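Undergrad: Structure incoming, see below.
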Amino acid sequence: MTENSKVFVDLDVATMRESDVAYGMIQDAAIVVTNGAIDWVGPIADLPSGYGTLVRTSLAGRLVTPGLIDCHTHIVHGGDRAVEFEMRLNGASYEEVARAGGGIVSTVKATRSATEDTSLADALRRVDVLIAEGVTSIEIKSGYGLDRETELRMLRVARAIGNKRDITVRTSFLGAHATPAEYKGRDDAYIDEVCIPTLRAAHAEGLVDAVDGFCEGIAFSPEQIARVFDVAKELGLPVKLHAEQLSNLGGAKLAARYGALSADHLEYLDEDGVRAMADAGTVAVILPGAFYTLRETQAPPIAAFRKHGVPMALATDINPGSSPLNSLLLTVNMGCTLFRLTPEEALRGVTCNAARALGLTDVGVIESGKRADLAIWDVKHPAELAYRIGFNPLHTRIFGGAA
């Protein structure tokens with residue numbers, strides 16, 4: 001205990017630890033924070049006498065949860081695709097949108113033309129919205145540059161966000177997102193000549209925490225992704241994968257073979273793929289924003305994930321095309337309403353399981369020794385965080401022990 005210790009009282013805490021009690025709840029609790037970390041948490045009646053001299057801060061009966069974690073975003077990008085959205089709603093086909101310059105081509109063009117300062121300013125506006133909802137950790141992908149210069153710039157911007165705001169940023173290199181127009185019909189050449197060399201350059205510059213890819217008929221085959229993952233393994237980087245969003249190419253099984261942190265989307269995943277993920281300890285990241293925006297009808301195999309004990313995370317997937325969703329609280333509600341997650345599963349999906357999907361071991365639960373990233377809510381029961389739509393009940397966000 002030091003002069004940097006403080007004790008919060010008059011609160012209920014959803015610790016999100018594994019427990020026989022839903023949400024790992026502790027009623028009428030106290031939390032002691034020392035030097036930015038959780039020193040003690042438990043019922044106020046059990047508060048050790050050694051903390052008796054500390055000034056107590058009353059939270060007036062509010063609920064405390066771990067700070068929220070958005071574990072899959074494309075938050076650094078140029079431009080938007082609102083006109084494309086309107087075209088589709090007015091009946092334009094995919095081909096018509098593409099001929100008009102829409103689709104990922106438009107985002108790549110806008111991202112390549114943006115300056116680093118402009119990209120950072122635009123991304124910070126989106127990040128600030130998440131921070132206002134109690135988010136304390138976020139993953140940010142590259143993947144809209146598809147050339148060396150822009151991919152590296154996107155990752156530098158992602159790193160800068162962590163310096164400009166009180167938020168933990170984990171970066172993912174997503175060079176294997178799509179084949180750019182200048183390599184049309186030459187996917188293998190793009191992987192060998194651009195994607196892999198850029199990954200090596202990004203790693204050398206300290207810009208990469210994990211390596212991602214898009215394994216799909218409209219993107220890259222399992223064999224092509226495996227070549228990228230082999231380099232990731234050589235560099236000592238963990239992997240994750242966009243898989244089984246539109247079809248079942250065996251991407252999740254591939255990810256599991258590489259011990260992936262997560263496989264994401266997963267609408268078309270079969271039970272063999274679920275078993276492979278369970279055996280590998282790979283987290284299933286569920287992305288209701290893309291499901292909703294694309295008006296998909298096949299939901300991820302939630303029952304199979306439960307059956308085989310695959311941990312489920314939730315994320316916004318914020319991007320300009322398929323998921324222009326900038327609210328993690330709304331994501332929690334959508335996980336429940338669209339996919340029938342329970343409110344507890346959904347909250348675990350943006351706390352402890354989201355941390356696991358990013359390889360973070362010091363956040364996501366409230367227990368002794370963990371970082372004091374906390375969200376204090378004007379609610380009585382944690383189910384309210386999944387229940388309300390378009391309402392933000394955050395009272396205070398604490399990052400590393402500081403409000």
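Labeling convention for the structure tokens: chains A, B, ... as they appear, residues from 1 per chain, ligands from 1 in order of appearance.
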For Ser142 of chain A, find every residue with an atom within 9 Å (counting only C-alpha atoms), except residues of its own chain fewer than 4 positions away, and show them as a CSV table (one decimal) with C-alpha atoms, in the first residue's frame.

TA:
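Okay, this is what ended up in result37.csv:
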chain,number,residue,atom,x,y,z
A,74,HIS,CA,-10.5,-1.2,-39.3
A,75,ILE,CA,-10.8,2.2,-37.7
A,76,VAL,CA,-7.9,3.7,-39.7
A,77,HIS,CA,-9.2,4.3,-43.2
A,146,LEU,CA,-2.3,-2.8,-50.2
A,150,THR,CA,0.2,3.0,-47.2
A,151,GLU,CA,0.2,-0.2,-45.1
A,152,LEU,CA,3.1,1.1,-43.0
A,153,ARG,CA,1.5,4.5,-42.7
A,154,MET,CA,-1.8,2.9,-41.4
A,155,LEU,CA,0.2,1.1,-38.8
A,158,ALA,CA,-2.5,3.1,-35.2
A,171,THR,CA,-2.1,-3.6,-34.2
A,172,SER,CA,-2.7,-6.3,-36.8
A,173,PHE,CA,-1.0,-6.4,-40.2
A,174,LEU,CA,-3.8,-7.2,-42.8
A,175,GLY,CA,-1.8,-7.0,-46.0
A,177,HIS,CA,-7.0,-8.3,-47.2

Undergrad: DSSP on the backbone, then: every residue of segment 171-244 of chain A marked helix (DSSP H, G or I), written as JSON, numbers by chain.

TA: {"A": [181, 182, 183, 187, 188, 189, 190, 191, 192, 193, 194, 195, 196, 197, 198, 199, 200, 201, 202, 203, 204, 222, 223, 224, 225, 226, 227, 228, 229, 230, 231, 232, 233, 234, 235]}

Undergrad: Only N, CA and C atoms, please: the residues just picked out, written as a short mmCIF file (atom, residue, chain, number, x, y, z; two decimals), in the first residue's frame.

TA:
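Just written: selection_31.cif:
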data_model
loop_
_atom_site.label_atom_id
_atom_site.label_comp_id
_atom_site.auth_asym_id
_atom_site.auth_seq_id
_atom_site.Cartn_x
_atom_site.Cartn_y
_atom_site.Cartn_z
N ALA A 181 -5.86 -3.24 -57.43
CA ALA A 181 -6.17 -3.21 -58.86
C ALA A 181 -4.95 -3.44 -59.72
N GLU A 182 -3.80 -2.95 -59.29
CA GLU A 182 -2.59 -3.09 -60.12
C GLU A 182 -2.08 -4.53 -60.15
N TYR A 183 -2.60 -5.39 -59.27
CA TYR A 183 -2.23 -6.80 -59.28
C TYR A 183 -3.43 -7.69 -59.64
N ASP A 187 -2.84 -12.75 -57.78
CA ASP A 187 -2.89 -12.80 -56.32
C ASP A 187 -1.57 -13.30 -55.72
N ASP A 188 -1.02 -14.35 -56.29
CA ASP A 188 0.22 -14.91 -55.75
C ASP A 188 1.36 -13.90 -55.84
N ALA A 189 1.43 -13.18 -56.94
CA ALA A 189 2.48 -12.18 -57.09
C ALA A 189 2.32 -11.08 -56.05
N TYR A 190 1.08 -10.68 -55.78
CA TYR A 190 0.85 -9.66 -54.75
C TYR A 190 1.34 -10.15 -53.39
N ILE A 191 0.99 -11.40 -53.03
CA ILE A 191 1.43 -11.95 -51.75
C ILE A 191 2.96 -11.93 -51.65
N ASP A 192 3.63 -12.37 -52.72
CA ASP A 192 5.09 -12.52 -52.68
C ASP A 192 5.83 -11.20 -52.82
N GLU A 193 5.29 -10.29 -53.63
CA GLU A 193 6.03 -9.07 -53.96
C GLU A 193 5.67 -7.88 -53.07
N VAL A 194 4.47 -7.89 -52.50
CA VAL A 194 4.03 -6.75 -51.69
C VAL A 194 3.72 -7.14 -50.26
N CYS A 195 2.82 -8.11 -50.08
CA CYS A 195 2.32 -8.42 -48.75
C CYS A 195 3.44 -8.89 -47.81
N ILE A 196 4.16 -9.94 -48.20
CA ILE A 196 5.17 -10.50 -47.31
C ILE A 196 6.33 -9.53 -47.08
N PRO A 197 6.88 -8.87 -48.12
CA PRO A 197 7.94 -7.89 -47.84
C PRO A 197 7.47 -6.74 -46.94
N THR A 198 6.23 -6.32 -47.09
CA THR A 198 5.72 -5.24 -46.25
C THR A 198 5.55 -5.71 -44.81
N LEU A 199 5.12 -6.95 -44.62
CA LEU A 199 5.05 -7.52 -43.28
C LEU A 199 6.43 -7.49 -42.62
N ARG A 200 7.43 -7.89 -43.34
CA ARG A 200 8.79 -7.90 -42.78
C ARG A 200 9.23 -6.47 -42.41
N ALA A 201 8.90 -5.51 -43.27
CA ALA A 201 9.28 -4.13 -43.01
C ALA A 201 8.53 -3.58 -41.79
N ALA A 202 7.25 -3.90 -41.69
CA ALA A 202 6.45 -3.43 -40.56
C ALA A 202 6.96 -4.02 -39.25
N HIS A 203 7.31 -5.30 -39.28
CA HIS A 203 7.85 -5.94 -38.08
C HIS A 203 9.17 -5.31 -37.68
N ALA A 204 10.03 -5.03 -38.66
CA ALA A 204 11.33 -4.42 -38.36
C ALA A 204 11.17 -3.05 -37.73
N PRO A 222 -6.70 -20.63 -48.62
CA PRO A 222 -5.95 -21.10 -47.45
C PRO A 222 -4.46 -21.25 -47.74
N GLU A 223 -4.12 -21.70 -48.93
CA GLU A 223 -2.70 -21.89 -49.27
C GLU A 223 -1.96 -20.56 -49.32
N GLN A 224 -2.60 -19.54 -49.84
CA GLN A 224 -1.97 -18.22 -49.88
C GLN A 224 -1.83 -17.63 -48.48
N ILE A 225 -2.88 -17.77 -47.68
CA ILE A 225 -2.81 -17.29 -46.30
C ILE A 225 -1.72 -18.03 -45.53
N ALA A 226 -1.58 -19.33 -45.77
CA ALA A 226 -0.56 -20.12 -45.07
C ALA A 226 0.84 -19.57 -45.34
N ARG A 227 1.08 -19.07 -46.54
CA ARG A 227 2.40 -18.50 -46.83
C ARG A 227 2.67 -17.26 -45.98
N VAL A 228 1.63 -16.46 -45.78
CA VAL A 228 1.77 -15.28 -44.92
C VAL A 228 1.96 -15.70 -43.47
N PHE A 229 1.18 -16.70 -43.03
CA PHE A 229 1.29 -17.16 -41.65
C PHE A 229 2.65 -17.80 -41.37
N ASP A 230 3.23 -18.44 -42.36
CA ASP A 230 4.56 -19.01 -42.17
C ASP A 230 5.58 -17.92 -41.85
N VAL A 231 5.45 -16.79 -42.51
CA VAL A 231 6.35 -15.67 -42.22
C VAL A 231 6.05 -15.09 -40.84
N ALA A 232 4.78 -15.00 -40.49
CA ALA A 232 4.42 -14.54 -39.15
C ALA A 232 5.05 -15.43 -38.08
N LYS A 233 4.96 -16.73 -38.29
CA LYS A 233 5.56 -17.68 -37.35
C LYS A 233 7.07 -17.48 -37.26
N GLU A 234 7.70 -17.30 -38.41
CA GLU A 234 9.15 -17.05 -38.44
C GLU A 234 9.52 -15.81 -37.63
N LEU A 235 8.66 -14.78 -37.69
CA LEU A 235 8.91 -13.52 -36.99
C LEU A 235 8.45 -13.53 -35.54
#

Undergrad: Using Å and a single decimal, report how far atom CA of Val64 of chain A sits from atom CA of Ala29 of chain A.

TA: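 The value is 9.7 Å.
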
Undergrad: Could you give me, as a tab-separated table, every segment 179-279 of chain A residue with an atom at most 12 Å from segment 99-116 of chain A, plus its closest atom pair and distance in Å to one decimal, counting only C-alpha atoms, rows ordered by chain then number?

TA:
residue	atom	partner	partner_atom	distance
A:Thr179	CA	A:Val105	CA	9.7
A:Pro180	CA	A:Val105	CA	7.5
A:Ala181	CA	A:Val105	CA	7.4
A:Glu182	CA	A:Val105	CA	10.7
A:Lys184	CA	A:Val105	CA	11.4
A:Ile218	CA	A:Ile104	CA	11.4
A:Ala219	CA	A:Ile104	CA	11.4

Undergrad: Name all residues at most 6 Å from segment 248-253 of chain A (count only C-alpha atoms; drop same-chain ones fewer than 5 positions away) and give them as a ChimeraX atom specification.

TA: /A:215,243,263,268,273,276

Undergrad: Write to file, as a short mmCIF file (atom, residue, chain, number, x, y, z; two decimals), in the first residue's frame, the residues of the selection just made, with all heavy atoms.

TA:
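In the end it all went to part-v6.cif:
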data_model
loop_
_atom_site.label_atom_id
_atom_site.label_comp_id
_atom_site.auth_asym_id
_atom_site.auth_seq_id
_atom_site.Cartn_x
_atom_site.Cartn_y
_atom_site.Cartn_z
N CYS A 215 -9.49 -14.95 -45.61
CA CYS A 215 -9.54 -16.22 -46.33
C CYS A 215 -10.96 -16.41 -46.87
O CYS A 215 -11.87 -16.78 -46.12
CB CYS A 215 -9.14 -17.37 -45.39
SG CYS A 215 -9.04 -18.97 -46.20
N ALA A 243 -12.49 -15.45 -41.45
CA ALA A 243 -12.73 -16.78 -42.01
C ALA A 243 -14.22 -17.12 -42.04
O ALA A 243 -14.99 -16.70 -41.17
CB ALA A 243 -12.00 -17.84 -41.17
N ALA A 263 -10.36 -16.48 -34.75
CA ALA A 263 -10.92 -16.53 -36.09
C ALA A 263 -12.22 -15.72 -36.03
O ALA A 263 -12.98 -15.83 -35.07
CB ALA A 263 -11.19 -17.97 -36.54
N TYR A 268 -20.27 -19.29 -41.77
CA TYR A 268 -20.40 -20.56 -42.50
C TYR A 268 -19.51 -21.66 -41.91
O TYR A 268 -19.28 -22.68 -42.56
CB TYR A 268 -20.07 -20.34 -43.98
CG TYR A 268 -21.19 -19.64 -44.72
CD1 TYR A 268 -21.31 -18.26 -44.67
CD2 TYR A 268 -22.16 -20.36 -45.42
CE1 TYR A 268 -22.35 -17.60 -45.32
CE2 TYR A 268 -23.19 -19.71 -46.07
CZ TYR A 268 -23.29 -18.34 -46.01
OH TYR A 268 -24.33 -17.70 -46.66
N GLY A 273 -14.76 -27.40 -37.92
CA GLY A 273 -13.99 -26.18 -37.70
C GLY A 273 -14.10 -25.69 -36.27
O GLY A 273 -13.13 -25.20 -35.69
N ALA A 276 -11.84 -27.79 -34.17
CA ALA A 276 -10.44 -27.39 -34.36
C ALA A 276 -10.12 -26.14 -33.54
O ALA A 276 -9.04 -26.04 -32.93
CB ALA A 276 -10.16 -27.16 -35.84
#

Undergrad: Please provide as a list in words all residues within 10 Å of Leu59 of chain A, with the sequence filter that same-chain residues fewer than 4 positions apart are discarded (counting only C-alpha atoms).

TA: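 Skipping anything fewer than 4 positions along the chain leaves Phe8, Val9, Asp10, Leu11, Asp12, Ala30, Leu63, Val64, Ile376, Trp377, Asp378, His395 and Thr396 of chain A.
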
Undergrad: May I have all residues of segment 118-315 of chain A that DSSP, computed from the backbone, assigns to strand (DSSP E or B), given as a PyMOL selection string?

TA: chain A and resi 135-141+168-176+210-215+220+239-243+262-265+283-286+312-314

Undergrad: Which one of A:Ala280, A:Leu330, A:Val97, A:Ala123 sits closest to Glu84 of chain A if you count only C-alpha atoms?

TA: A:Val97

Undergrad: Could the residues of segment 202-273 of chain A that have an atom at most 10 Å from segment 313-324 of chain A be listed as a Markdown table, each with its closest atom pair and the distance in Å to one decimal, counting only C-alpha atoms and ordered by chain and ascending residue number?

TA:
| residue | atom | partner | partner_atom | distance |
| --- | --- | --- | --- | --- |
| A:Ser262 | CA | A:Ala313 | CA | 9.1 |
| A:Asp264 | CA | A:Ala313 | CA | 9.1 |
| A:His265 | CA | A:Asp317 | CA | 9.4 |

Undergrad: Could you save the residues just selected, with N, CA and C atoms, as an mmCIF file, in the first residue's frame?

TA:
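After the write, again.cif holds the following:
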data_model
loop_
_atom_site.group_PDB
_atom_site.id
_atom_site.type_symbol
_atom_site.label_atom_id
_atom_site.label_comp_id
_atom_site.auth_asym_id
_atom_site.auth_seq_id
_atom_site.Cartn_x
_atom_site.Cartn_y
_atom_site.Cartn_z
ATOM 1 N N SER A 262 -7.458 -15.760 -32.736
ATOM 2 C CA SER A 262 -8.894 -15.720 -33.028
ATOM 3 C C SER A 262 -9.146 -16.053 -34.483
ATOM 4 N N ASP A 264 -12.464 -14.897 -37.058
ATOM 5 C CA ASP A 264 -13.480 -13.861 -36.964
ATOM 6 C C ASP A 264 -14.502 -13.968 -38.090
ATOM 7 N N HIS A 265 -15.725 -13.583 -37.819
ATOM 8 C CA HIS A 265 -16.917 -13.675 -38.669
ATOM 9 C C HIS A 265 -17.563 -15.051 -38.469
#

Undergrad: Looking at only C-alpha atoms, which of A:Met312, A:Leu261, A:Leu338, A:Val55 is the one that sits closest to Ile286 of chain A?

TA: A:Met312

Undergrad: Using atom CA of Val129 of chain A and atom CA of Gly67 of chain A as the two end points, give the distance in Å to one decimal.

TA: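 Calculated distance between atom CA of Val129 of chain A and atom CA of Gly67 of chain A is 14.3 Å.
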
Undergrad: How close does segment 88-185 of chain A get to segment 356-365 of chain A? List, as a tab-separated table, each residue of segment 88-185 of chain A within 9 Å, its nearest atom pair and the distance in Å to one decimal, counting only C-alpha atoms.

TA:
residue	atom	partner	partner_atom	distance
A:Ser137	CA	A:Val363	CA	8.7
A:Ile138	CA	A:Leu358	CA	8.9
A:Glu139	CA	A:Leu358	CA	7.4
A:Arg170	CA	A:Leu358	CA	7.3

Undergrad: Kindly save the residues from that selection, with all heavy atoms included, as a PDB file, in the first residue's frame.

TA:
ATOM      1  N   SER A 137      -9.337  -0.632 -24.455  1.00  0.00           N
ATOM      2  CA  SER A 137      -8.389  -1.322 -25.338  1.00  0.00           C
ATOM      3  C   SER A 137      -9.047  -1.523 -26.696  1.00  0.00           C
ATOM      4  O   SER A 137     -10.260  -1.767 -26.777  1.00  0.00           O
ATOM      5  CB  SER A 137      -7.975  -2.689 -24.776  1.00  0.00           C
ATOM      6  OG  SER A 137      -7.324  -2.571 -23.531  1.00  0.00           O
ATOM      7  N   ILE A 138      -8.235  -1.446 -27.753  1.00  0.00           N
ATOM      8  CA  ILE A 138      -8.768  -1.563 -29.101  1.00  0.00           C
ATOM      9  C   ILE A 138      -7.729  -2.204 -30.005  1.00  0.00           C
ATOM     10  O   ILE A 138      -6.526  -2.002 -29.830  1.00  0.00           O
ATOM     11  CB  ILE A 138      -9.171  -0.168 -29.638  1.00  0.00           C
ATOM     12  CG1 ILE A 138      -9.825  -0.259 -31.012  1.00  0.00           C
ATOM     13  CG2 ILE A 138      -7.996   0.787 -29.652  1.00  0.00           C
ATOM     14  CD1 ILE A 138     -10.381   1.072 -31.494  1.00  0.00           C
ATOM     15  N   GLU A 139      -8.205  -3.012 -30.945  1.00  0.00           N
ATOM     16  CA  GLU A 139      -7.354  -3.553 -31.997  1.00  0.00           C
ATOM     17  C   GLU A 139      -7.581  -2.739 -33.258  1.00  0.00           C
ATOM     18  O   GLU A 139      -8.716  -2.343 -33.550  1.00  0.00           O
ATOM     19  CB  GLU A 139      -7.702  -5.026 -32.252  1.00  0.00           C
ATOM     20  CG  GLU A 139      -6.815  -5.733 -33.274  1.00  0.00           C
ATOM     21  CD  GLU A 139      -7.488  -5.897 -34.630  1.00  0.00           C
ATOM     22  OE1 GLU A 139      -8.501  -5.208 -34.888  1.00  0.00           O
ATOM     23  OE2 GLU A 139      -6.998  -6.711 -35.427  1.00  0.00           O
ATOM     24  N   ARG A 170      -3.637  -2.416 -29.950  1.00  0.00           N
ATOM     25  CA  ARG A 170      -2.946  -3.572 -30.517  1.00  0.00           C
ATOM     26  C   ARG A 170      -3.128  -3.516 -32.026  1.00  0.00           C
ATOM     27  O   ARG A 170      -4.245  -3.325 -32.520  1.00  0.00           O
ATOM     28  CB  ARG A 170      -3.501  -4.887 -29.969  1.00  0.00           C
ATOM     29  CG  ARG A 170      -3.444  -5.010 -28.466  1.00  0.00           C
ATOM     30  CD  ARG A 170      -2.032  -5.149 -27.961  1.00  0.00           C
ATOM     31  NE  ARG A 170      -1.519  -6.489 -28.181  1.00  0.00           N
ATOM     32  CZ  ARG A 170      -0.314  -6.890 -27.767  1.00  0.00           C
ATOM     33  NH1 ARG A 170       0.495  -6.056 -27.147  1.00  0.00           N
ATOM     34  NH2 ARG A 170       0.090  -8.131 -27.991  1.00  0.00           N
TER      35      ARG A 170
END

Undergrad: With distances taken over only C-alpha atoms, which of A:Ala386, A:Ala284, A:Val211, A:Val33 is nearest to Asn333 of chain A?

TA: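 Using only C-alpha atoms, the shortest distance to Asn333 of chain A belongs to A:Ala386.
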
Undergrad: Can you tell me, as a ChimeraX atom specification, what residues are no more than 12 Å from Gly390 of chain A when counting only C-alpha atoms, ignoring any on the same chain fewer than 6 positions away?

TA: /A:133,326-334
